[in-house]
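What follows is the content of final36.cif (mmCIF, C-alpha atoms).
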```cif
data_model
loop_
_atom_site.label_atom_id
_atom_site.label_comp_id
_atom_site.auth_asym_id
_atom_site.auth_seq_id
_atom_site.Cartn_x
_atom_site.Cartn_y
_atom_site.Cartn_z
CA MET A 64 111.58 91.75 61.75
CA GLN A 65 108.81 93.75 63.39
CA LYS A 66 109.75 96.99 65.12
CA PRO A 67 108.88 96.92 68.85
CA VAL A 68 105.81 99.01 69.74
CA ASP A 69 106.84 102.10 71.71
CA PHE A 70 103.42 103.54 72.45
CA VAL A 71 100.09 101.81 73.02
CA ASN A 72 97.03 104.00 73.75
CA GLY A 73 99.41 106.97 73.86
CA ILE A 74 101.37 105.46 76.76
CA LYS A 75 105.08 104.82 76.50
CA ILE A 76 105.18 101.15 77.41
CA GLU A 77 108.89 101.23 78.19
CA THR A 78 108.45 103.88 80.93
CA LEU A 79 105.62 101.91 82.51
CA GLN A 80 107.57 98.64 82.37
CA GLU A 81 110.67 100.27 83.86
CA THR A 82 108.53 101.51 86.78
CA VAL A 83 107.01 98.06 87.25
CA HIS A 84 110.40 96.28 87.20
CA ALA A 85 111.99 98.82 89.55
CA ILE A 86 109.18 98.36 92.11
CA GLU A 87 109.28 94.57 91.73
CA ASN A 88 112.97 94.63 92.61
CA GLU A 89 112.62 97.18 95.39
CA PRO A 90 109.06 97.35 96.83
CA GLU A 91 109.93 100.47 98.86
CA LEU A 92 109.91 102.45 95.58
CA GLY A 93 106.15 101.88 95.29
CA LYS A 94 105.28 103.76 98.47
CA CYS A 95 103.78 107.12 97.58
CA MET A 96 102.36 110.08 99.48
CA PHE A 97 100.17 112.39 97.45
CA ARG A 98 99.47 115.87 98.75
CA ALA A 99 97.15 118.83 98.48
CA HIS A 100 96.95 122.23 100.11
CA ASN A 101 93.56 123.91 100.45
CA LYS A 102 92.75 127.51 101.31
CA TRP A 103 89.28 128.76 102.17
CA LEU A 104 88.43 131.93 100.22
CA SER A 105 84.93 132.84 101.43
CA GLY A 106 81.57 131.12 101.89
CA ASN A 107 81.57 127.87 99.97
CA HIS A 108 84.48 128.89 97.74
CA ASN A 109 87.89 127.35 98.38
CA CYS A 110 90.95 126.51 96.33
CA THR A 111 93.33 123.54 96.33
CA THR A 112 96.93 123.82 95.19
CA ILE A 113 98.90 120.74 94.14
CA THR A 114 102.63 121.02 93.62
CA GLY A 115 104.38 117.73 94.31
CA PHE A 116 104.34 114.29 95.89
CA TYR A 117 106.62 111.68 97.42
CA GLY A 118 107.41 108.57 95.39
CA ALA A 119 110.35 106.40 94.33
CA LYS A 120 111.98 107.28 97.69
CA GLN A 121 112.17 110.99 96.90
CA GLU A 122 110.23 114.26 96.78
CA MET A 123 108.97 114.92 93.26
CA SER A 124 107.66 118.18 91.75
CA HIS A 125 104.97 118.46 89.10
CA LYS A 126 106.01 120.32 85.92
CA GLN A 127 103.45 122.96 86.85
CA GLN A 128 101.33 123.88 89.87
CA PHE A 129 97.67 122.88 89.67
CA GLU A 130 94.87 125.02 91.15
CA LEU A 131 91.42 123.57 91.62
CA HIS A 132 88.47 125.71 92.69
CA ALA A 133 85.39 124.41 94.48
CA ASP A 134 82.16 126.24 95.20
CA GLU A 135 78.43 125.49 95.36
CA PRO A 136 75.64 126.53 93.01
CA PRO A 137 73.32 129.39 94.15
CA ILE A 138 70.63 126.96 95.41
CA LEU A 139 73.24 125.66 97.86
CA ALA A 140 74.27 129.18 98.92
CA GLY A 141 77.29 129.51 96.63
CA ASN A 142 78.30 131.47 93.52
CA ASP A 143 79.27 128.62 91.18
CA GLU A 144 82.95 129.60 91.03
CA GLY A 145 83.90 125.93 90.63
CA ALA A 146 82.48 122.43 90.58
CA ASN A 147 81.21 121.43 94.01
CA PRO A 148 83.14 118.95 96.19
CA VAL A 149 81.03 115.91 95.34
CA GLU A 150 81.33 116.70 91.62
CA HIS A 151 85.11 116.85 92.17
CA LEU A 152 84.85 113.35 93.66
CA LEU A 153 83.06 112.11 90.52
CA ASN A 154 85.83 113.69 88.44
CA ALA A 155 88.48 111.87 90.49
CA LEU A 156 86.66 108.57 89.97
CA ALA A 157 86.11 109.12 86.23
CA ALA A 158 89.74 110.12 85.69
CA CYS A 159 91.12 107.23 87.70
CA VAL A 160 89.01 104.45 86.22
CA THR A 161 89.76 105.79 82.72
CA THR A 162 93.51 105.97 83.35
CA SER A 163 93.56 102.53 84.94
CA MET A 164 91.69 100.98 82.03
CA VAL A 165 93.87 102.67 79.39
CA ALA A 166 97.21 101.88 81.08
CA HIS A 167 96.42 98.27 81.94
CA ALA A 168 95.03 97.76 78.42
CA ALA A 169 98.25 99.21 76.97
CA VAL A 170 100.54 96.74 78.77
CA ARG A 171 98.26 93.89 77.62
CA GLY A 172 98.37 95.12 74.01
CA ILE A 173 94.66 96.06 73.89
CA HIS A 174 94.27 99.08 71.65
CA ILE A 175 91.62 101.67 72.55
CA GLU A 176 90.53 104.21 69.94
CA GLU A 177 87.98 106.24 71.87
CA LEU A 178 86.72 106.22 75.45
CA GLU A 179 84.09 108.30 77.20
CA SER A 180 82.12 107.96 80.40
CA GLU A 181 79.01 109.36 82.06
CA LEU A 182 78.83 109.38 85.85
CA GLU A 183 75.87 109.89 88.12
CA GLY A 184 75.92 109.73 91.92
CA ASP A 185 73.06 109.76 94.44
CA ILE A 186 73.12 111.91 97.56
CA ASP A 187 70.24 112.77 99.86
CA LEU A 188 70.97 116.22 101.32
CA ARG A 189 69.10 115.40 104.54
CA GLY A 190 72.26 113.62 105.66
CA PHE A 191 74.62 116.55 105.11
CA LEU A 192 72.15 119.04 106.57
CA GLY A 193 71.80 116.99 109.75
CA LEU A 194 68.02 116.60 109.27
CA SER A 195 68.12 112.85 109.78
CA ASN A 196 70.63 110.52 111.38
CA ASP A 197 69.29 107.60 109.34
CA VAL A 198 70.20 109.14 105.99
CA PRO A 199 73.78 108.53 104.80
CA ARG A 200 75.78 111.74 104.45
CA GLY A 201 77.83 110.62 101.45
CA PHE A 202 77.13 109.09 98.06
CA THR A 203 75.18 105.84 98.32
CA ASP A 204 75.39 104.70 94.67
CA ILE A 205 77.52 105.91 91.79
CA ARG A 206 76.92 104.68 88.23
CA VAL A 207 79.70 104.85 85.63
CA LYS A 208 78.84 104.12 82.01
CA PHE A 209 81.72 103.75 79.59
CA LYS A 210 81.42 103.88 75.82
CA VAL A 211 84.58 102.49 74.24
CA LYS A 212 85.73 102.13 70.67
CA ALA A 213 87.87 98.97 70.68
CA ASP A 214 87.61 95.33 69.59
CA VAL A 215 84.18 94.20 70.78
CA GLU A 216 85.70 90.94 72.08
CA ASN A 217 87.72 92.97 74.62
CA MET A 218 84.75 94.65 76.36
CA GLU A 219 84.65 92.22 79.31
CA ARG A 220 88.42 92.35 79.77
CA LEU A 221 88.34 96.16 79.73
CA LYS A 222 85.61 96.15 82.36
CA ARG A 223 87.71 93.97 84.66
CA LEU A 224 90.70 96.33 84.28
CA THR A 225 88.69 99.11 85.95
CA GLU A 226 89.13 97.22 89.22
CA PHE A 227 92.79 98.31 89.40
CA SER A 228 91.75 101.95 89.89
CA PRO A 229 92.99 103.44 93.21
CA VAL A 230 90.07 105.91 93.46
CA TYR A 231 87.54 103.15 92.67
CA ASN A 232 89.09 101.04 95.43
CA THR A 233 89.21 103.94 97.90
CA ILE A 234 85.51 104.64 97.35
CA THR A 235 84.32 101.02 97.36
CA HIS A 236 86.54 99.78 100.21
CA GLY A 237 86.96 103.01 102.15
CA ALA A 238 90.08 104.57 103.67
CA ARG A 239 90.93 105.86 107.12
CA VAL A 240 90.77 109.68 107.28
CA HIS A 241 92.47 111.38 110.23
CA ILE A 242 91.39 114.97 110.82
CA GLN A 243 93.21 117.42 113.06
CA VAL A 244 92.03 120.98 113.75
CA GLU A 245 94.50 123.47 115.22
CA GLU A 246 94.41 127.14 116.00
CA LYS A 247 96.23 129.32 113.49
CA MET B 219 67.22 146.44 118.18
CA GLN B 220 70.01 144.46 116.56
CA LYS B 221 69.92 144.04 112.79
CA PRO B 222 69.70 140.33 111.81
CA VAL B 223 72.95 138.90 110.47
CA ASP B 224 72.67 138.23 106.72
CA PHE B 225 76.05 136.63 106.14
CA VAL B 226 78.21 134.49 108.41
CA ASN B 227 81.54 133.19 107.05
CA GLY B 228 80.50 134.65 103.67
CA ILE B 229 77.42 132.41 103.52
CA LYS B 230 73.94 133.88 103.18
CA ILE B 231 72.24 132.27 106.15
CA GLU B 232 68.76 132.95 104.78
CA THR B 233 69.39 130.92 101.60
CA LEU B 234 70.76 128.01 103.62
CA GLN B 235 67.84 128.12 106.08
CA GLU B 236 65.29 128.26 103.26
CA THR B 237 66.86 125.13 101.75
CA VAL B 238 66.82 123.38 105.13
CA HIS B 239 63.16 124.28 105.81
CA ALA B 240 62.04 123.31 102.30
CA ILE B 241 63.68 119.87 102.63
CA GLU B 242 62.28 119.43 106.16
CA ASN B 243 58.78 119.98 104.79
CA GLU B 244 59.29 117.91 101.66
CA PRO B 245 62.13 115.34 102.00
CA GLU B 246 61.94 114.53 98.27
CA LEU B 247 63.59 117.92 97.59
CA GLY B 248 66.79 116.67 99.23
CA LYS B 249 67.39 113.90 96.71
CA CYS B 250 70.21 114.90 94.37
CA MET B 251 72.05 113.33 91.46
CA PHE B 252 75.40 114.86 90.66
CA ARG B 253 76.95 114.22 87.28
CA ALA B 254 80.19 114.27 85.34
CA HIS B 255 81.18 113.47 81.76
CA ASN B 256 84.71 112.30 81.05
CA LYS B 257 86.54 112.03 77.74
CA TRP B 258 89.85 110.26 77.29
CA LEU B 259 92.30 112.41 75.31
CA SER B 260 95.43 110.24 75.03
CA GLY B 261 97.64 108.19 77.33
CA ASN B 262 96.97 109.19 80.92
CA HIS B 263 95.37 112.51 79.96
CA ASN B 264 91.59 112.83 80.21
CA CYS B 265 89.13 115.64 80.81
CA THR B 266 85.91 115.84 82.84
CA THR B 267 83.13 118.28 81.99
CA ILE B 268 80.52 119.26 84.58
CA THR B 269 77.44 121.17 83.48
CA GLY B 270 74.50 120.45 85.74
CA PHE B 271 72.82 118.23 88.32
CA TYR B 272 69.43 117.12 89.55
CA GLY B 273 68.11 118.54 92.81
CA ALA B 274 64.99 120.11 94.33
CA LYS B 275 62.98 117.88 91.95
CA GLN B 276 64.39 119.49 88.83
CA GLU B 277 67.35 119.61 86.44
CA MET B 278 69.67 122.48 87.38
CA SER B 279 72.46 124.07 85.30
CA HIS B 280 75.65 125.53 86.67
CA LYS B 281 76.28 129.19 85.80
CA GLN B 282 79.27 128.00 83.80
CA GLN B 283 80.68 124.71 82.53
CA PHE B 284 83.63 123.30 84.48
CA GLU B 285 86.50 121.42 82.83
CA LEU B 286 88.91 119.39 84.92
CA HIS B 287 92.01 117.81 83.43
CA ALA B 288 93.78 114.77 84.83
CA ASP B 289 97.15 113.34 83.84
CA GLU B 290 100.11 111.65 85.47
CA PRO B 291 103.64 112.96 86.10
CA PRO B 292 106.44 111.72 83.76
CA ILE B 293 107.59 109.05 86.25
CA LEU B 294 104.11 107.50 85.89
CA ALA B 295 104.23 107.71 82.07
CA GLY B 296 102.28 110.98 81.72
CA ASN B 297 102.97 114.60 80.72
CA ASP B 298 101.68 116.43 83.82
CA GLU B 299 98.82 118.14 81.98
CA GLY B 300 96.73 118.03 85.16
CA ALA B 301 96.68 116.77 88.73
CA ASN B 302 96.52 112.99 88.83
CA PRO B 303 93.30 111.18 89.80
CA VAL B 304 94.28 110.48 93.42
CA GLU B 305 95.32 114.12 93.86
CA HIS B 306 91.87 115.06 92.52
CA LEU B 307 90.40 112.84 95.24
CA LEU B 308 92.39 114.72 97.90
CA ASN B 309 91.08 117.97 96.41
CA ALA B 310 87.49 116.70 96.64
CA LEU B 311 88.03 115.76 100.29
CA ALA B 312 89.73 119.06 101.21
CA ALA B 313 87.02 121.11 99.49
CA CYS B 314 84.18 119.15 101.05
CA VAL B 315 85.44 119.09 104.63
CA THR B 316 86.22 122.82 104.39
CA THR B 317 82.77 123.69 103.00
CA SER B 318 81.03 121.49 105.56
CA MET B 319 82.90 123.08 108.44
CA VAL B 320 82.32 126.64 107.22
CA ALA B 321 78.61 126.19 106.44
CA HIS B 322 77.73 124.31 109.63
CA ALA B 323 79.74 126.84 111.65
CA ALA B 324 77.81 129.68 109.95
CA VAL B 325 74.37 128.36 110.95
CA ARG B 326 75.66 127.90 114.53
CA GLY B 327 77.00 131.46 114.61
CA ILE B 328 80.66 130.40 114.80
CA HIS B 329 82.74 132.95 112.94
CA ILE B 330 85.82 131.76 111.03
CA GLU B 331 88.43 134.26 109.91
CA GLU B 332 90.92 132.04 108.11
CA LEU B 333 91.06 128.34 107.27
CA GLU B 334 93.70 126.26 105.52
CA SER B 335 94.44 122.57 105.29
CA GLU B 336 97.26 120.24 104.33
CA LEU B 337 96.39 116.76 103.08
CA GLU B 338 98.61 113.73 102.68
CA GLY B 339 97.47 110.29 101.52
CA ASP B 340 99.32 106.96 101.44
CA ILE B 341 99.23 104.66 98.42
CA ASP B 342 101.48 101.72 97.66
CA LEU B 343 101.70 101.44 93.86
CA ARG B 344 102.19 97.67 94.03
CA GLY B 345 98.41 97.41 94.39
CA PHE B 346 97.57 99.46 91.29
CA LEU B 347 100.27 97.78 89.23
CA GLY B 348 98.96 94.32 90.14
CA LEU B 349 102.30 93.28 91.66
CA SER B 350 100.69 92.01 94.84
CA ASN B 351 97.16 90.96 95.72
CA ASP B 352 97.83 91.64 99.40
CA VAL B 353 98.50 95.35 98.89
CA PRO B 354 95.41 97.62 98.85
CA ARG B 355 94.93 99.41 95.54
CA GLY B 356 93.48 102.60 97.00
CA PHE B 357 94.48 105.06 99.70
CA THR B 358 94.95 103.38 103.08
CA ASP B 359 95.33 106.49 105.27
CA ILE B 360 94.66 110.15 104.57
CA ARG B 361 95.71 112.84 107.03
CA VAL B 362 94.02 116.26 107.00
CA LYS B 363 95.51 119.05 109.11
CA PHE B 364 93.46 122.20 109.46
CA LYS B 365 94.79 125.53 110.70
CA VAL B 366 91.92 127.79 111.63
CA LYS B 367 91.72 131.36 112.85
CA ALA B 368 88.66 131.44 115.10
CA ASP B 369 87.85 131.51 118.82
CA VAL B 370 90.14 128.91 120.38
CA GLU B 371 87.24 127.56 122.46
CA ASN B 372 85.51 126.48 119.24
CA MET B 373 88.30 124.18 117.95
CA GLU B 374 86.68 120.96 119.18
CA ARG B 375 83.24 121.96 117.86
CA LEU B 376 84.73 122.82 114.47
CA LYS B 377 86.45 119.45 114.35
CA ARG B 378 83.14 117.66 114.97
CA LEU B 379 81.46 119.63 112.15
CA THR B 380 83.83 118.02 109.63
CA GLU B 381 81.84 114.80 110.11
CA PHE B 382 78.95 116.23 108.07
CA SER B 383 81.08 116.23 104.91
CA PRO B 384 79.63 114.03 102.12
CA VAL B 385 83.06 113.27 100.60
CA TYR B 386 84.51 112.43 104.04
CA ASN B 387 81.59 110.04 104.60
CA THR B 388 81.89 108.52 101.11
CA ILE B 389 85.58 107.81 101.69
CA THR B 390 85.30 106.55 105.26
CA HIS B 391 82.09 104.52 104.83
CA GLY B 392 82.37 103.66 101.14
CA ALA B 393 79.79 103.78 98.37
CA ARG B 394 78.56 101.25 95.80
CA VAL B 395 80.08 101.91 92.37
CA HIS B 396 78.39 100.27 89.38
CA ILE B 397 80.51 100.14 86.23
CA GLN B 398 79.21 99.34 82.77
CA VAL B 399 81.37 99.09 79.63
CA GLU B 400 79.71 99.24 76.23
CA GLU B 401 80.94 99.33 72.68
CA LYS B 402 80.78 102.75 71.07
#
```

Represent the structure contained in this file as structure tokens.
Amino acid sequence: MQKPVDFVNGIKIETLQETVHAIENEPELGKCMFRAHNKWLSGNHNCTTITGFYGAKQEMSHKQQFELHADEPPILAGNDEGANPVEHLLNALAACVTTSMVAHAAVRGIHIEELESELEGDIDLRGFLGLSNDVPRGFTDIRVKFKVKADVENMERLKRLTEFSPVYNTITHGARVHIQVEEK
Amino acid sequence: MQKPVDFVNGIKIETLQETVHAIENEPELGKCMFRAHNKWLSGNHNCTTITGFYGAKQEMSHKQQFELHADEPPILAGNDEGANPVEHLLNALAACVTTSMVAHAAVRGIHIEELESELEGDIDLRGFLGLSNDVPRGFTDIRVKFKVKADVENMERLKRLTEFSPVYNTITHGARVHIQVEEK
């Protein structure tokens, strides 16, 4: 008798399946609120702190606090103390599409040996600088190229799994962003 | 005679104005490509490396290489080795809206003493997990609350400046994302 597989692609399948079954039985458990706190340091340098989130009907803490610095390179009047905000967005997209592909492959029994990606996104600074109202202010096109070491017959399936990614969906479909500015 | 102001909000106004004038005279200089390289480590853990970008008609290097780790918390079958991808997206948004507000305020002579923000984004995991096709897979709503120490009469102006943010515009208007998966 074959021993059941505990881990596929480094993911404990049992944990993932338990989460799936729990949410199937009680959809309310799937509602999450993710959070970030940002503090401006000076100029283009600011720092985000991430400590916890709401999910499974309760407040959850991360094992450790995460600090993420953003800045701009000198040509954009910064000191390069961190990746710039649009590079952070590419990181979020890369991380999310990768995780989505690996996790969804794992539950389908598709083994991945190696996985890398190169991202490239186009922005015309005339939009951000307010030099033209006709130029979009955000990314127009982002290209993601994955190189994956897995059964060649699974390439098309793996590509389709990227469509589960929350960040991919947020960027391609958009989200509502509500901004409030108050005196401190 | 008053000495000209070199720095406002920690930003060297001259550098920013030089960039603006250069792009006004030669729009091609405003076209940028930002880049990221991601490598899957195991399970939900992956790492992005950021080294350089294309702008001002040339390849540019950052002063240092940036590494950004992403993982998931234990409840989502990870080990919490980094913020998760959707938290990274909130970081990108916080950093970008902050930078946009500070820089555009600087060129308008609006002084900011302190600036902090709290972000909160809603995701229903049923979308990501493929439990329902009716549930969006990405963020639906993101709330950003700024607390700013500046002249109270400038609050509304500062709020409007957030609309220049490239990440804010990418998330609210969307971008095209082209994904390619190749055998390694």

Checklist entry - Closest to chain B among A:Glu135, A:Asp214, A:Gly201, A:Glu91, using all atoms listed in the file? => result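 Of A:Glu135, A:Asp214, A:Gly201, A:Glu91, the one nearest chain B, counting all atoms listed in the file, is A:Gly201.
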
Next on the checklist: Could you tell me, as a list in words, exactly which residues end up selected when the PyMOL selection byres ((chain A and resi 200) around 8) is applied to this structure?
Outcome noted: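 Here the PyMOL selection byres ((chain A and resi 200) around 8) matches Ile186, Asp187, Leu188, Arg189, Gly190, Phe191, Val198, Pro199, Gly201 and Phe202 of chain A; Phe382, Ser383, Pro384, Asn387 and Thr388 of chain B.
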
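Of the residues listed (B:His255, B:His306, B:Lys365, B:His280), B:Lys365 shows the shortest atom-to-atom separation from B:Ile330; distances use only C-alpha atoms.
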
Next on the checklist: Applying the PyMOL selection byres ((chain B and resi 327) around 10) to the file I just gave you, which residues come out? Please list them as a list in words.
Outcome noted: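 In the shown coordinates, the PyMOL selection byres ((chain B and resi 327) around 10) covers Val223, Phe225, Val226, Asn227, Ile231, Ala321, His322, Ala323, Ala324, Val325, Arg326, Ile328, His329 and Ile330 of chain B.
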
Any chance you could export the current selection's C-alpha atoms as a compact mmCIF listing (two decimals), keeping the file's coordinate frame?
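Written file, part_27.txt:
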```txt
# COMPACT_ATOMS: atom_id res chain seq x y z
CA VAL B 223 72.95 138.90 110.47
CA PHE B 225 76.05 136.63 106.14
CA VAL B 226 78.21 134.49 108.41
CA ASN B 227 81.54 133.19 107.05
CA ILE B 231 72.24 132.27 106.15
CA ALA B 321 78.61 126.19 106.44
CA HIS B 322 77.73 124.31 109.63
CA ALA B 323 79.74 126.84 111.65
CA ALA B 324 77.81 129.68 109.95
CA VAL B 325 74.37 128.36 110.95
CA ARG B 326 75.66 127.90 114.53
CA ILE B 328 80.66 130.40 114.80
CA HIS B 329 82.74 132.95 112.94
CA ILE B 330 85.82 131.76 111.03
```

Checklist entry - Looking at B:Arg253, B:His239, B:Arg375, B:Lys275, which one is nearest to chain A, with distances taken over only C-alpha atoms? => result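 For chain A, the nearest of the given residues is B:Arg253.
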
Checklist entry - What gap, in Å, lies between atom CA of B:Phe284 and atom CA of A:Pro136? => result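 Separation of atom CA of B:Phe284 and atom CA of A:Pro136: 12.1 Å.
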
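In this model, the gap between atom CA of A:Val211 and atom CA of A:Glu226 comes to 16.5 Å.
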
Next on the checklist: Please expand the PyMOL selection byres ((chain A and resi 107) around 9) into the concrete residues it hits in this file, giving the result as a list in words.
Outcome noted: Trp103, Leu104, Ser105, Gly106, His108, Asn109, Ala133, Asp134, Glu135, Leu139, Ala140, Gly141, Asn142 and Asn147 of chain A; Asn227, Gly228, Ile229, Ala313, Thr316, Thr317, Ser318, Val320 and Ala321 of chain B

Since we have the selection now, will you write its residues out, keeping C-alpha atoms, as a PDB file, in the frame of the given file?
```pdb
ATOM      1  CA  TRP A 103      89.280 128.760 102.170  1.00  0.00           C
ATOM      2  CA  LEU A 104      88.430 131.930 100.220  1.00  0.00           C
ATOM      3  CA  SER A 105      84.930 132.840 101.430  1.00  0.00           C
ATOM      4  CA  GLY A 106      81.570 131.120 101.890  1.00  0.00           C
ATOM      5  CA  HIS A 108      84.480 128.890  97.740  1.00  0.00           C
ATOM      6  CA  ASN A 109      87.890 127.350  98.380  1.00  0.00           C
ATOM      7  CA  ALA A 133      85.390 124.410  94.480  1.00  0.00           C
ATOM      8  CA  ASP A 134      82.160 126.240  95.200  1.00  0.00           C
ATOM      9  CA  GLU A 135      78.430 125.490  95.360  1.00  0.00           C
ATOM     10  CA  LEU A 139      73.240 125.660  97.860  1.00  0.00           C
ATOM     11  CA  ALA A 140      74.270 129.180  98.920  1.00  0.00           C
ATOM     12  CA  GLY A 141      77.290 129.510  96.630  1.00  0.00           C
ATOM     13  CA  ASN A 142      78.300 131.470  93.520  1.00  0.00           C
ATOM     14  CA  ASN A 147      81.210 121.430  94.010  1.00  0.00           C
TER      15      ASN A 147
ATOM     16  CA  ASN B 227      81.540 133.190 107.050  1.00  0.00           C
ATOM     17  CA  GLY B 228      80.500 134.650 103.670  1.00  0.00           C
ATOM     18  CA  ILE B 229      77.420 132.410 103.520  1.00  0.00           C
ATOM     19  CA  ALA B 313      87.020 121.110  99.490  1.00  0.00           C
ATOM     20  CA  THR B 316      86.220 122.820 104.390  1.00  0.00           C
ATOM     21  CA  THR B 317      82.770 123.690 103.000  1.00  0.00           C
ATOM     22  CA  SER B 318      81.030 121.490 105.560  1.00  0.00           C
ATOM     23  CA  VAL B 320      82.320 126.640 107.220  1.00  0.00           C
ATOM     24  CA  ALA B 321      78.610 126.190 106.440  1.00  0.00           C
TER      25      ALA B 321
END
```

Next on the checklist: Is it possible to get the residues within 10 Å of (64.8, 119.4, 105.9) (coordinates as in the file, counting all atoms listed in the file) written as a list in words?
Outcome noted: Leu188, Arg189, Gly190, Leu192, Gly193, Leu194 and Ser195 of chain A; Gln235, Glu236, Thr237, Val238, His239, Ala240, Ile241, Glu242, Asn243, Glu244, Pro245, Glu246, Leu247 and Gly248 of chain B

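Relative to atom CA of A:Cys110, atom CA of B:Ala274 is found at 26.8 Å.
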